[in-house]
Every structure is written in C-alpha cells, then in structure tokens.
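One file, run24.csv, carrying CSV, N, CA and C atoms:
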chain,number,residue,atom,x,y,z
N,7,MET,N,171.8,120.8,110.1
N,7,MET,CA,172.5,120.3,108.9
N,7,MET,C,173.1,118.9,109.2
N,8,ARG,N,173.7,118.7,110.3
N,8,ARG,CA,174.3,117.5,110.7
N,8,ARG,C,173.3,116.3,110.6
N,9,GLY,N,172.0,116.6,111.1
N,9,GLY,CA,171.0,115.6,111.1
N,9,GLY,C,170.6,115.2,109.6
N,10,VAL,N,170.6,116.1,108.7
N,10,VAL,CA,170.3,115.8,107.3
N,10,VAL,C,171.4,114.9,106.7
N,11,VAL,N,172.7,115.3,107.0
N,11,VAL,CA,173.8,114.4,106.5
N,11,VAL,C,173.7,113.0,107.1
N,12,LEU,N,173.4,112.9,108.4
N,12,LEU,CA,173.3,111.6,109.0
N,12,LEU,C,172.1,110.8,108.4
N,13,ARG,N,170.9,111.4,108.2
N,13,ARG,CA,169.8,110.7,107.6
N,13,ARG,C,170.1,110.3,106.2
N,14,ALA,N,170.8,111.2,105.4
N,14,ALA,CA,171.1,110.8,104.1
N,14,ALA,C,172.1,109.6,104.0
N,15,ALA,N,173.0,109.6,104.9
N,15,ALA,CA,173.9,108.5,105.0
N,15,ALA,C,173.2,107.2,105.3
N,16,VAL,N,172.3,107.2,106.3
N,16,VAL,CA,171.5,106.1,106.6
N,16,VAL,C,170.6,105.6,105.4
N,17,ALA,N,170.1,106.6,104.7
N,17,ALA,CA,169.2,106.3,103.6
N,17,ALA,C,169.9,105.6,102.4
N,18,LYS,N,171.2,105.8,102.3
N,18,LYS,CA,171.9,105.1,101.2
N,18,LYS,C,172.7,103.9,101.7
N,19,HIS,N,172.6,103.6,102.9
N,19,HIS,CA,173.3,102.4,103.5
N,19,HIS,C,172.7,101.1,102.9
N,20,PRO,N,173.5,100.2,102.5
N,20,PRO,CA,172.9,99.0,101.9
N,20,PRO,C,172.2,98.0,102.9
N,21,ASN,N,172.4,98.2,104.2
N,21,ASN,CA,171.8,97.4,105.2
N,21,ASN,C,170.6,98.0,105.9
N,22,VAL,N,170.1,99.2,105.4
N,22,VAL,CA,169.0,99.8,106.0
N,22,VAL,C,167.7,98.9,105.8
N,23,ASP,N,166.9,98.8,106.9
N,23,ASP,CA,165.7,98.0,106.7
N,23,ASP,C,164.6,98.7,106.0
N,24,ALA,N,163.7,97.9,105.5
N,24,ALA,CA,162.6,98.5,104.6
N,24,ALA,C,161.8,99.5,105.3
N,25,GLU,N,161.5,99.3,106.6
N,25,GLU,CA,160.6,100.2,107.3
N,25,GLU,C,161.3,101.6,107.5
N,26,LEU,N,162.5,101.6,107.9
N,26,LEU,CA,163.3,102.8,108.0
N,26,LEU,C,163.4,103.5,106.7
N,27,LEU,N,163.7,102.7,105.6
N,27,LEU,CA,163.9,103.3,104.3
N,27,LEU,C,162.6,104.0,103.9
N,28,ASP,N,161.5,103.4,104.2
N,28,ASP,CA,160.2,104.0,103.8
N,28,ASP,C,160.0,105.3,104.5
N,29,GLN,N,160.4,105.4,105.8
N,29,GLN,CA,160.3,106.6,106.5
N,29,GLN,C,161.2,107.7,105.9
N,30,LEU,N,162.4,107.3,105.5
N,30,LEU,CA,163.3,108.2,104.9
N,30,LEU,C,162.9,108.7,103.6
N,31,LEU,N,162.1,107.9,102.9
N,31,LEU,CA,161.5,108.4,101.6
N,31,LEU,C,160.6,109.6,101.8
N,32,ALA,N,160.0,109.7,103.0
N,32,ALA,CA,159.0,110.8,103.3
N,32,ALA,C,159.7,111.9,104.0
N,33,ASP,N,161.1,111.9,104.1
N,33,ASP,CA,161.8,113.0,104.8
N,33,ASP,C,161.6,114.3,104.1
N,34,PRO,N,161.4,115.4,104.8
N,34,PRO,CA,161.1,116.7,104.2
N,34,PRO,C,162.4,117.2,103.4
N,35,GLU,N,163.5,116.7,103.7
N,35,GLU,CA,164.7,117.2,103.1
N,35,GLU,C,164.9,116.4,101.8
N,36,PRO,N,164.9,117.0,100.6
N,36,PRO,CA,165.1,116.3,99.3
N,36,PRO,C,166.3,115.5,99.3
N,37,GLU,N,167.4,115.9,99.8
N,37,GLU,CA,168.6,115.1,99.8
N,37,GLU,C,168.4,113.7,100.4
N,38,VAL,N,167.7,113.7,101.5
N,38,VAL,CA,167.5,112.4,102.2
N,38,VAL,C,166.5,111.5,101.4
N,39,ALA,N,165.4,112.1,101.0
N,39,ALA,CA,164.5,111.3,100.2
N,39,ALA,C,165.1,110.8,98.9
N,40,ASP,N,165.9,111.6,98.3
N,40,ASP,CA,166.6,111.2,97.0
N,40,ASP,C,167.5,110.0,97.3
N,41,GLU,N,168.3,110.1,98.4
N,41,GLU,CA,169.2,109.0,98.7
N,41,GLU,C,168.4,107.7,99.0
N,42,ALA,N,167.3,107.9,99.7
N,42,ALA,CA,166.4,106.7,100.0
N,42,ALA,C,165.9,106.1,98.7
N,43,ALA,N,165.4,106.9,97.8
N,43,ALA,CA,164.9,106.4,96.5
N,43,ALA,C,165.9,105.8,95.6
N,44,ALA,N,167.2,106.2,95.8
N,44,ALA,CA,168.2,105.6,94.9
N,44,ALA,C,168.9,104.4,95.6
N,45,ASN,N,168.4,104.0,96.8
N,45,ASN,CA,169.0,102.9,97.4
N,45,ASN,C,168.6,101.6,96.7
N,46,PRO,N,169.6,100.8,96.3
N,46,PRO,CA,169.3,99.6,95.5
N,46,PRO,C,168.5,98.5,96.3
N,47,VAL,N,168.4,98.6,97.6
N,47,VAL,CA,167.6,97.7,98.3
N,47,VAL,C,166.1,98.1,98.4
N,48,LEU,N,165.8,99.2,97.8
N,48,LEU,CA,164.4,99.7,97.8
N,48,LEU,C,163.6,98.7,96.9
N,49,PRO,N,162.5,98.1,97.5
N,49,PRO,CA,161.7,97.1,96.7
N,49,PRO,C,161.2,97.7,95.4
N,50,ARG,N,161.2,96.9,94.4
N,50,ARG,CA,160.7,97.4,93.1
N,50,ARG,C,159.3,97.9,93.2
N,51,SER,N,158.4,97.3,94.0
N,51,SER,CA,157.0,97.7,94.1
N,51,SER,C,157.0,99.2,94.6
N,52,ARG,N,157.9,99.5,95.6
N,52,ARG,CA,157.9,100.8,96.2
N,52,ARG,C,158.4,101.8,95.2
N,53,MET,N,159.4,101.4,94.4
N,53,MET,CA,159.9,102.3,93.3
N,53,MET,C,158.8,102.6,92.3
N,54,ASP,N,158.1,101.6,91.9
N,54,ASP,CA,157.0,101.8,91.0
N,54,ASP,C,156.0,102.8,91.5
N,55,ARG,N,155.7,102.7,92.8
N,55,ARG,CA,154.7,103.7,93.4
N,55,ARG,C,155.3,105.1,93.4
N,56,ILE,N,156.6,105.2,93.7
N,56,ILE,CA,157.2,106.5,93.6
N,56,ILE,C,157.1,107.1,92.2
N,57,LEU,N,157.4,106.3,91.2
N,57,LEU,CA,157.4,106.8,89.8
N,57,LEU,C,155.9,107.1,89.4
N,58,ALA,N,155.0,106.3,89.8
N,58,ALA,CA,153.6,106.6,89.5
N,58,ALA,C,153.1,107.9,90.2
N,59,GLU,N,153.5,108.1,91.4
N,59,GLU,CA,153.1,109.3,92.1
N,59,GLU,C,153.7,110.6,91.5
N,60,ALA,N,154.9,110.4,90.8
N,60,ALA,CA,155.6,111.5,90.2
N,60,ALA,C,155.1,111.7,88.7
N,61,GLY,N,154.2,110.8,88.3
N,61,GLY,CA,153.6,110.9,87.0
N,61,GLY,C,154.6,110.4,85.9
N,62,LEU,N,155.5,109.5,86.3
N,62,LEU,CA,156.5,109.0,85.3
N,62,LEU,C,156.2,107.6,84.9
If you took the structure in this file and wrote it as structure tokens, what would it be?
Amino acid sequence: MRGVVLRAAVAKHPNVDAELLDQLLADPEPEVADEAAANPVLPRSRMDRILAEAGL
C-alpha cells in the first residue's frame, strides 16, 4: 500500500519528468495512473492518445 501512495505522489508532482510520468501512466494501480493522467505537465499529445485509447 505504501508503494502505491508513493507512486501516486510522484505521479502528481509538478516536477516529474516525462519519461517517469509515462511509466506511471501504465501503472497497474488505477490511483497511480489517474494521478499521472491528471498531472498538468502531461504533454497534450500524450493526453490526446489516452483519450483516443479510451474512446473519448
């Protein structure tokens, strides 16, 4: 559980680098992936791919 909380905190940190953020988007824990997807530093092109993959 502690690992999930830590990864979620890293995923929402404003200084997380793009490579790590991309890895966190693929995290098996939805809480972590959701935080990564909501991070404002996520490149628009990556967000567009996430939305397209979700059918939105």
Report as a PDB file with N, CA and C atoms, keeping the file's coordinate frame all protein, DNA and RNA residues lying within 7 Å of segment 44-51 of chain N, evaluated on only N, CA and C atoms, omitting residues in the same chain fewer than 6 positions from it.
ATOM      1  N   ALA N  17     170.100 106.600 104.700  1.00  0.00           N
ATOM      2  CA  ALA N  17     169.200 106.300 103.600  1.00  0.00           C
ATOM      3  C   ALA N  17     169.900 105.600 102.400  1.00  0.00           C
ATOM      4  N   LYS N  18     171.200 105.800 102.300  1.00  0.00           N
ATOM      5  CA  LYS N  18     171.900 105.100 101.200  1.00  0.00           C
ATOM      6  C   LYS N  18     172.700 103.900 101.700  1.00  0.00           C
ATOM      7  N   HIS N  19     172.600 103.600 102.900  1.00  0.00           N
ATOM      8  CA  HIS N  19     173.300 102.400 103.500  1.00  0.00           C
ATOM      9  C   HIS N  19     172.700 101.100 102.900  1.00  0.00           C
ATOM     10  N   PRO N  20     173.500 100.200 102.500  1.00  0.00           N
ATOM     11  CA  PRO N  20     172.900  99.000 101.900  1.00  0.00           C
ATOM     12  C   PRO N  20     172.200  98.000 102.900  1.00  0.00           C
TER      13      PRO N  20
END
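The coordinates place atom CA of Ala15 of chain N at 19.8 Å from atom CA of Arg52 of chain N.
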*When you draw a straight line from atom N of Ile56 of chain N to atom CA of Gly9 of chain N, how long is it in Å?*
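Between atom N of Ile56 of chain N and atom CA of Gly9 of chain N the gap works out to 24.9 Å.
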_To test your reading of the structure, identify every residue in chain N that backbone DSSP assigns to helix (DSSP H, G or I), and report it as an NGL selection string._
:N and (8-18 or 24-31 or 36-44 or 50-59)
*atom CA of Val11 of chain N and atom CA of Arg55 of chain N are how many Å apart?*
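Computing the Euclidean distance for atom CA of Val11 of chain N and atom CA of Arg55 of chain N yields 25.5 Å.
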_Give me the residues near Arg13 of chain N as a ChimeraX atom specification, where near means some atom within 12 Å (using only C-alpha atoms) and where sequence neighbours in that chain fewer than 6 positions away do not count._
/N:7,19,22,26-27,29-42
